[in-house]
Every structure is written in structure tokens, then in C-alpha cells.
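This report concerns only the one structure given below.
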Amino acid sequence: MAENVQMIALSPTMEEGTILKWSMQVGDSVSTGDVLCEVETDKASMEYESAQEGVLLSIIVPEGGGAKVGDVIAIIGESGEDISGLEAEAKSAKSAALAATAPETADKPVAVEAPNSQGASSTPATTRSSGGGSSPTSGSGKSSPLARKIAEEKGLDISQIPGSGPGGRVVKRDVETFSPTASTAGNQGVAVSSGAPMTFAPARTAGEDVEIPVAGKRAVIAKRLAESKFSAPHYYLKNSVEMDSLVAARNMVNKEVPSKVSFNAFIMKMVAEALKRYPQVNAGWFGDKIVQFGSIDIGLAVDLGNGLITPIVRNVGNKGVVQIDSELKVLIEKVGNGSLKPDEYTAATFSISNLGSFGVEEFTAIINPPGSAILALGEVKKTPVFDENGELKAANLMKMTLSCDHRVIDGAMGGKFLSELKKTIENPVRVLF
Amino acid sequence: MAEQNYDLVIIGAGPGGYVSAIRASQLGLKTLVIEKDQPGGVCGNWGCIPSKSLLHQAELFHDIKNLEYMGLHIDKSGFNYEKVQQKSRKAALKSGKGVSGLLKKNGIEYLTGDAVLSGPKEVTVDGKDKIRGKFILVAAGSSPRVIPGFEYDEEKVLSSTGILKLTALPKSLLILGAGAIGMEFAYVMNAFGVEVTIIEMMDHILPIEDAEVVKVVEAEFKKNGVKMLVSTKASNLEKTKDGITLDIESKDGKKDTLKAEKILVAVGRTPNSQGLGLESLGIKTEKGFIKVGDYYQTDIPGIFAIGDVIASPLLAHVASKEGEVAVEFMAGQAPREKRLDPDLIPGATYTEPGVGSFGPSEEKAKERGIAYEKYVFPYAGAGKTNSIEKPNGLVKILFNPKTKEIISGHVVGYQATELIHEILLAKKAELLPEDIATMVHAHPTISEAVMEAARGVEGWAIHV
């Protein structure tokens, strides 16, 4: 019996993925555990290991194609099996989903194909010259005559609409509830001339809007950060910290070890020490309870170019800077080649975001749940300060902003923690206390 | 009883209960059906099935006179209505046996007894046996509605059940209520020579049907000698030595007293929601109908209700379909629909001419503010109806003026109850009239009238 191979959630937050590469070809025999394909998830690219055995009979989602979790991406069975039914079903269900998510399809000029197929439609000459005419024969997607008619009236391309009827058929309600967003984007002018709903009237000459479909990482980042910002009551605490002692400590350490320990590793260590003294900050909000985490797992926000990710060093409290740094290097390398595993970026108990390298003086960051606080670091800048004798001197100052979830961390607690952190950074010997 | 634990316990073995049971068994649920009466419910025993037997026999009898031109003069002196009634009972018996056989074939356990809900997952039968079900489906059906002053004695004041038990015909019969049930018995009784008078409060017979469609039935009934008093209220019913008298008052205030041997009261049905233990579990009812949400779930998780006990059209096919939806949901099948779309439920009246329809009548469409246009094709335009002398009828389609979407279909005439399904299929599958219009229909058939009506919607009917 041929079976569908479905997209599975390769990370805890994954809702859809893009097939980067098929490692198997149609006709190859597949054993359990064989890598079928590589999938770009919301966070990283992952290998999809087969849980099924047999012969790869059909690839439904080609390389570069997107699939929601649960979508059929391939069919595995015995060679020679008739899978036309399964295939048609999977393709019609998928073509819709793909159209709505994959940017590639959005770039195709749908207008080119529509007028041709319009001739095949039994509806006599419509006056609409561009944009979605009814195209009952296009693709494998099926649609009801009424759905085609309404799509035509609305100027929608039926092949872009996901079907919910029997056998994945596009029916009236699909057309009526369909909103042309990603799927019509990128067709220069088509959306306008076809009479598709417009949100505003274009009255400018400067240039075309570029619409970028939201999918994958961007969608997850948007969802998670909005959830955090809109549900956790954030407040912010700021102070400045003199970095000279830490810089000196780092220089001392780096003289002793073969490879240089990064600044971020030192900051992580200091944060972990402060968290040990104030475990109330190393905690999370779970609706009916607050959990003080047993381990100090610190995430560091890393830019991906097309998103961000927060690789996590686990149990920082029990590690020295050298170990922290070597783990951080491995993680960042994995970020670079997209091989970071979900357990390496999920569930930080505290996070750090450092924009100092961009010359940012100070900023506020959005909390990364399940943690309840995130530390935003600005640039280290030579600044005139008064010393304890009232003398003006030059010091290397860094501005720190701590974002706290007020449900978990009250102001005084946040203040104590930040003060402790400042003291520790200014006097690294405190880690011995 | 060996087993006391089931996946699904169904109360009622009517078309709601037994179809649900079979569907449940197909989906792998271990199912028990409890029925206090006979398998098949009202439909199989005291409704659809025996009444269709009577209607069929009435039609045969009625057609005797159509044989006279051939020189056949049939001697009716040996006519014995008891034989007619017995034949209808045979049909009912056969239906019940059919249901029992299907249940057995599907491995469904069957129990005769009075079931009461005694817990969220428990049913007590005959006050002693406790049976547990992960799910419980209440499909207890309905009974003829009793109105004060018109209580059934099944001697002179008959319910639809009582009239099916009659073994001798009355001379004259009043029928209160001109819905499908009233009209069907009017046809039967009239065909067998009973003097029939129908009293209806609304302004036309078959009040829920389209007025234009109803005119065809009305004309035919009139020709057959059925008296129909519409916009007429019945007030006082008196039993006399040899029958009954009924005071009536028409809309314009004209009063009269009618006399007859018996009266059939067919003014609707009441849900059998009493005595099921609903209140004790906190399951709410409204006017006796059990309140249900999506997938026919009651307020108590795991307890579902379908068919005549809930407020949906009191039709056997509705109960069956609702049961399928509920059971598929229980089995985790995610049925396509959460509730039946009332506009996709066909209604059928098995008189001659009969009526088959779905969706809003023209009057209802106006009332609901639906933008519509209509096309009406007469039966006479289909050659077949003339060959078989059934030219009285029409096919009416309401459609959306812009998209031509079929809004509703109404067929009246010979075999209308069969013909309606082509239009309904089109509506359900979202086909357009054009699809019916361009499909080749066999000639000569009455179905050609459906094709022509669809062509009419498109503006090019041929045979008009």
C-alpha cells in the first residue's frame, strides 16, 4: 500500500518548511532513517529522516517548494503501484497551499496563462482582458463551475485558491473567503487591472511597491515577538557600566589561552553570576505559575541576514568563560551554515542582544520567552566620568538596558539584578564571592 | 447482557439511530442500539414506509378509471380496504426486518427497552441495566403533536399512526393540517372514495412549499373532489354518536360547522425528549427540542442528539445525515459540515402530483431578501409527459441573477420526488444551470423538463 509522506514539524515552532534539496530520487528505495530531503524550517535547515520504508514513488513538493506541516510531500510504496489517485489528491491539496506560501509562484505572471485558457471555458467572451479568468483545465486543481464563475467575477485566478471541497476541489466558500495577498503580489499591475480588492489607491510615481511574502522564519519571528510584546508587560531599566576592569580581565585571560575568548562570553558569564544571586530573574511566566529555572540557559541574539536566531549556551552558571566561548563559537558556526538544531535555540531562560558593533548607544529589546528578561547592550564608548575623588577621567562605558516581564520580575528585583551585574562587570573578582 | 461497555450507545432505532449505528460500526466504534418499540422507528413502522404503500395502492385504485377507454370495466364490489392496510403492514414489517438484518450484518448489538440517561456516559435500561458508552447519541424521534381539545382517541380522532391502523374506511374524513402528512392521507382516502375535507390555517395547502408549485397540486386535488379550506381555523371539536363535528372560522370571519365520521389531526410532531433524563444531566431543551451545537453535540460532552428530537426539519433523511455527521465527528473523521445546510435538504410530498423541493420558496426568498430570478418550465414541454398523460407539473429554478448560482429547486408533477435530485446534486456540487442545460438527457424522459428549465435559466429553452 502506497503511503503519503507528510511534512512533519522538524522544530517545535515549525509550521511550514521549504524543501531545499531532495536527497532521494523517484525510484530509490528508502529505509527507515534514510535522509529523504533537506528542509528549511523557521530556524534552520534540517534533514528529514524517513519514518517509512519502501520505494520513493513520487515527489509531490519539488525543491524550493513549501509545505505546511501535515502536507503531503512525497509518496512511498512498492514499485509499480498505481498511485495516481494519491498523487492527484496530494497535488491538488498542495498546489493551493504552495501558491499561498511559496514566493516563487508569486513571481510567475499568472496573467499570461489566463487569457489562453479562457478560450477553453464555456463562458462566452468576457471583456476582462487581464487577470484571472476561469481556467478549468489549468493545473491539477479542480474547482466547481460556480467557484470558477465567482472567481472570474472577482478577477481571481482560481489556480491560486486553496480548495476545501471533496477531493480538494475549490468551491464557492473558498473563493469567497480567499484574500489575494502573496499569491498576486509581484505581478506588476495585474492586481490593479483585474479588479482584485485593493487596500489603497495608488497615486504615486516614485516606484512600485515591493511585496515580500511572509513565511518561514519571518512569520515565526513576527508571531513570537508580537506574542511576547503584547502579552508580557515590559518595563525597562537602564544603567551605564564601566568596562575597563572587564577589558583588563579579558586581556589577562586571553594571554593564558590559545584562542581568544570573546567579549560576549565574558558578558554571559557575568550575567550568569548575577542570575545565581537573583534566581528570581532566571524565571518564566506560565499563566498559573512562575517557574524559577534550575539551569541558567542564556541565549544570544544572532543576526541571520534574513532574520535572527538565539543560540543558547546551557547551564552557563556552571561553566567558565573558556568553555562558554568555545560552545558559543560552535553554535555561531552552526547558525552560519544553517545546521542549528531546535534544542540549540529553544527555551532560553535569559537572553542577551548586543548591537554595540553597529554603534548603537542603547536600545530596548523584546523579551524572548520562556525567559522573563533580556539584556540589551550598546557600544563600549570612551566617555568622561568623575572618579571617586571628583576628578574627571576617561572611562570605557557601556549602556545596558534590561527588559523585564513585570508579571515575573518587579522593579526592585530587576534593579537589584542590574546593580549586581554592573558591580560584577566593574569588578570581575566578585565572581569569586 | 454480557457487555456493558460500548464506544457508542444509541437511543432509538429509527432512520436516525440505525443509520448512525451502521456508520459508527463502519468507523470501528463498538455500538449498541436501544429501542423501546420496533427497529425502523416511526419511519419504518408508522410513517414513511407504510404510508408509501398506501399511496401506491391508492394510485393503482385511482387509475382503474383510466382503463375504461380500453373497454375494461373493473368490478370494485369486492374491494376490501383491510387488504390494503395489511399490505402496508407487510411493507412496514419488511422494513423493520431489513433494519434488523443490517444491524446484525454490521455487528451492532440491539436491545429492546426504555433507555434513560443516568450519567454523562451512562444509560439505564428499563430502570435496572446500566450501560456505559464513551459516546451517547439520542435519536429518540417524535410523536404526533397533541393539541388541547383534539386529543387522539384513534377511533374518531386519529393521529397519523391511528389512520395507518384503520382496517375499514370511514365514509367521510376531516383532515386538520395540509402539510405533507395531511395531504398524503387526503390523497389516499380520496382515491379510495372517502369524502375528504382539509382544513388549513395558512393561506395555501402545503404551506412550506412554493405557492406556484402548490397550485398544480391544488388543481388536481380539486378535480379529484377533495375539499380544501385554507385560511381557516378549527376551534371546537365535538364527538357525536356517529362521528364528529368541527367548528371552523375562515379569515373573513365566516363560521361553519363541519360533520364527518372521523378526523385526522396532522398538525406537526412533538419531540420525544421527555423521560430521557435530560434535565438531570443539565441538557437543555427549547420547546422540547434538545439544544445542540456543532456536530450535534449537546451541552454535555460526549452526548449527542439528532433527528426529530432536535430543532431541524423533522424528516427521516435529515436524521440519518445528522447521525452520520455526529458519528463521523465522534470517530475523529472531521466531517465536512458541522451542521446540515437547511437549504440543501430536499422535501418530498408523495401525492399525485407530488412535490419535490429544496431551498427557499419564492415567497421565502423574498422574505429573506435574497436577490433571485426564476425560470419555470412546464411538464407539458417534455414529450414523455404527454405520452403517459401526466402533463400537469412544472420545474422551477430560482437562481442568482449575477452568477446564475442555483438558489432553490421546486418540482411538482409525476415523479417530482425523484426528479428534484438532479437539481439538488447540481446545487450541492456547485454546478451551474449551464452544466445541466448542456448535459445530454435521454429522450423521452421527464428529466428533460429539468434540462429545459436549466436551459431556460440560460435563456434558450427549446420546447416552449
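All residue names refer to the C-alpha cells as shown: chains lettered A, B, ... in order, residues numbered from 1 in each chain, ligands numbered from 1 in order.
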
Per residue of chain A within 10 Å of chain B, which atom pair is closest and at what distance in Å (one decimal), using only C-alpha atoms, listed by chain and increasing number, as a tab-separated table?
residue	atom	partner	partner_atom	distance
A:Ser122	CA	B:Glu434	CA	9.0
A:Thr123	CA	B:Glu434	CA	9.4
A:Ser143	CA	B:Glu430	CA	9.2
A:Ser144	CA	B:Glu430	CA	5.6
A:Pro145	CA	B:Leu431	CA	5.3
A:Leu146	CA	B:Glu430	CA	5.3
A:Ala147	CA	B:Glu430	CA	7.4
A:Arg148	CA	B:Glu430	CA	9.8
A:Lys149	CA	B:Thr403	CA	6.6
A:Ile150	CA	B:Thr403	CA	6.7
A:Glu152	CA	B:Thr403	CA	9.9
A:Glu153	CA	B:Thr403	CA	8.1
A:Ser164	CA	B:Arg336	CA	8.8
A:Gly165	CA	B:Arg336	CA	8.1
A:Pro166	CA	B:Arg336	CA	8.5
A:Arg169	CA	B:Ala429	CA	9.9
A:Val171	CA	B:Glu430	CA	7.2
A:Lys172	CA	B:Glu430	CA	7.4

Distance query range 148-163 of chain B at most 7 Å, only C-alpha atoms, self and fewer than 3 positions along chain excluded, as a list of chain:residue names: B:Trp46, B:Pro144, B:Leu166, B:Leu237, B:Gly243, B:Glu261, B:Lys262, B:Ile263, B:Leu264, B:Val265, B:Ala266

Atoms kept (N, CA and C atoms) for selection, written as an mmCIF file, in the first residue's frame:
data_model
loop_
_atom_site.group_PDB
_atom_site.id
_atom_site.type_symbol
_atom_site.label_atom_id
_atom_site.label_comp_id
_atom_site.auth_asym_id
_atom_site.auth_seq_id
_atom_site.Cartn_x
_atom_site.Cartn_y
_atom_site.Cartn_z
ATOM 1 N N TRP B 46 -44.563 3.364 11.304
ATOM 2 C CA TRP B 46 -45.799 4.149 11.332
ATOM 3 C C TRP B 46 -45.636 5.469 10.609
ATOM 4 N N PRO B 144 -46.830 12.332 17.097
ATOM 5 C CA PRO B 144 -47.807 13.305 16.605
ATOM 6 C C PRO B 144 -48.136 14.331 17.691
ATOM 7 N N LEU B 166 -56.190 1.878 10.685
ATOM 8 C CA LEU B 166 -57.588 1.664 10.261
ATOM 9 C C LEU B 166 -57.673 0.474 9.318
ATOM 10 N N LEU B 237 -64.050 20.902 18.675
ATOM 11 C CA LEU B 237 -64.288 19.553 18.164
ATOM 12 C C LEU B 237 -65.239 18.821 19.107
ATOM 13 N N GLY B 243 -69.975 10.132 14.781
ATOM 14 C CA GLY B 243 -68.810 10.815 14.208
ATOM 15 C C GLY B 243 -68.366 12.010 15.009
ATOM 16 N N GLU B 261 -67.242 11.454 9.738
ATOM 17 C CA GLU B 261 -67.180 10.246 10.553
ATOM 18 C C GLU B 261 -65.927 10.267 11.447
ATOM 19 N N LYS B 262 -64.827 10.738 10.867
ATOM 20 C CA LYS B 262 -63.583 10.795 11.648
ATOM 21 C C LYS B 262 -62.814 12.061 11.302
ATOM 22 N N ILE B 263 -61.853 12.370 12.155
ATOM 23 C CA ILE B 263 -60.950 13.478 11.842
ATOM 24 C C ILE B 263 -59.507 13.021 12.027
ATOM 25 N N LEU B 264 -58.672 13.379 11.064
ATOM 26 C CA LEU B 264 -57.232 13.133 11.194
ATOM 27 C C LEU B 264 -56.593 14.460 11.588
ATOM 28 N N VAL B 265 -55.884 14.460 12.711
ATOM 29 C CA VAL B 265 -55.190 15.678 13.139
ATOM 30 C C VAL B 265 -53.716 15.531 12.767
ATOM 31 N N ALA B 266 -53.297 16.321 11.798
ATOM 32 C CA ALA B 266 -51.909 16.239 11.310
ATOM 33 C C ALA B 266 -51.314 17.636 11.347
#

Neighbouring residues of Ala219 in chain B were defined as those with any atom within 12 Å, considering only C-alpha atoms; residues of the same chain fewer than 2 positions away were excluded. Please report them as a list in words.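 Near neighbours after the sequence-gap exclusion: Ile205, Glu212, Val213, Val214, Lys215, Val216, Val217, Phe221, Lys222, Lys223, Asn224, Gly225, Val226, Lys227, Met228, Glu352, Pro353, Asn392, Gly393, Val412 and Gly413 of chain B.
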
Could you pull the residues within 9 Å of Thr445 in chain B, counting only C-alpha atoms, minus those fewer than 3 positions along the same chain, as a PDB file with C-alpha atoms, in the first residue's frame?
ATOM      1  CA  ALA B 382     -41.297  17.322 -22.133  1.00  0.00           C
ATOM      2  CA  GLY B 383     -42.666  14.875 -24.711  1.00  0.00           C
ATOM      3  CA  LYS B 384     -42.760  11.974 -22.288  1.00  0.00           C
ATOM      4  CA  THR B 385     -45.372  13.571 -20.044  1.00  0.00           C
ATOM      5  CA  HIS B 441     -30.639  13.866 -21.366  1.00  0.00           C
ATOM      6  CA  ALA B 442     -32.270  10.728 -22.710  1.00  0.00           C
ATOM      7  CA  GLU B 448     -35.821  16.610 -19.975  1.00  0.00           C
ATOM      8  CA  ALA B 449     -38.050  19.107 -18.191  1.00  0.00           C
TER       9      ALA B 449
END

Using backbone DSSP assignments, extract all strand (DSSP E) residues from range 125-274 of chain B; output them as a ChimeraX atom specification. /B:125,129-138,142-144,157-158,172-176,195-199,227-229,232-240,243-250,255-260,262-265,269-271

What is the CA of Ala347 in chain A-CA of Asn264 in chain A distance in Å, reported with one decimal?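 It comes out at 19.3 Å.
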
Extract, using only C-alpha atoms, all DNA, RNA and protein residues at most 6 Å from Ala301 in chain A, discarding same-chain residues fewer than 2 positions from it, and format them as a ChimeraX atom specification. /A:309-310,353

Store the residues picked out above, limited to C-alpha atoms, as a compact mmCIF listing (two decimals), in the first residue's frame.
# COMPACT_ATOMS: atom_id res chain seq x y z
CA ILE A 309 18.12 33.37 15.92
CA THR A 310 19.09 32.94 19.53
CA SER A 353 21.15 41.17 22.49

Interatomic distance (Å, one decimal) between CA of Val316 in chain A and CA of Ser45 in chain A: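 Pair CA of Val316 in chain A / CA of Ser45 in chain A returns 26.2 Å.
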
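Using only C-alpha atoms, the contacts of Phe178 in chain A at a cut-off of 8 Å, with sequence neighbours closer than 3 positions omitted, comprise Ile161, Asp174 and Val175 of chain A.
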
Could you save those same residues with N, CA and C atoms as a PDB file, in the first residue's frame?
ATOM      1  N   ILE A 161      -6.212  29.521  -5.637  1.00  0.00           N
ATOM      2  CA  ILE A 161      -7.079  29.435  -4.471  1.00  0.00           C
ATOM      3  C   ILE A 161      -7.081  28.014  -3.903  1.00  0.00           C
ATOM      4  N   ASP A 174     -14.460  28.815  -0.768  1.00  0.00           N
ATOM      5  CA  ASP A 174     -13.018  29.060  -0.869  1.00  0.00           C
ATOM      6  C   ASP A 174     -12.751  30.364  -1.605  1.00  0.00           C
ATOM      7  N   VAL A 175     -13.531  30.573  -2.664  1.00  0.00           N
ATOM      8  CA  VAL A 175     -13.331  31.779  -3.450  1.00  0.00           C
ATOM      9  C   VAL A 175     -13.773  32.989  -2.642  1.00  0.00           C
TER      10      VAL A 175
END

Show which residues sit within 10 Å of Lys76 in chain B, as a list in words. Count only C-alpha atoms, and ignore same-chain residues fewer than 4 positions away.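 Result of the neighbour search: Phe61, Ile64 and Asn80 of chain B.
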
Write the residues of the preceding selection, restricted to C-alpha atoms, as an mmCIF file, in the first residue's frame.
data_model
loop_
_atom_site.group_PDB
_atom_site.id
_atom_site.type_symbol
_atom_site.label_atom_id
_atom_site.label_comp_id
_atom_site.auth_asym_id
_atom_site.auth_seq_id
_atom_site.Cartn_x
_atom_site.Cartn_y
_atom_site.Cartn_z
ATOM 1 C CA PHE B 61 -57.010 2.155 -7.474
ATOM 2 C CA ILE B 64 -58.714 1.990 -12.570
ATOM 3 C CA ASN B 80 -61.656 -4.646 0.854
#

For a quick check of understanding, using only C-alpha atoms, which of B:Lys36, B:His463, B:Arg455, B:Lys241 has the smallest distance to Leu111 in chain B? B:Lys36

Would you please work out which residue, of B:Ala365, B:Val138, B:Leu424, B:Val395, is nearest to Ser447 in chain B when using only C-alpha atoms?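 Comparing B:Ala365, B:Val138, B:Leu424, B:Val395 against Ser447 in chain B, the winner is B:Val395.
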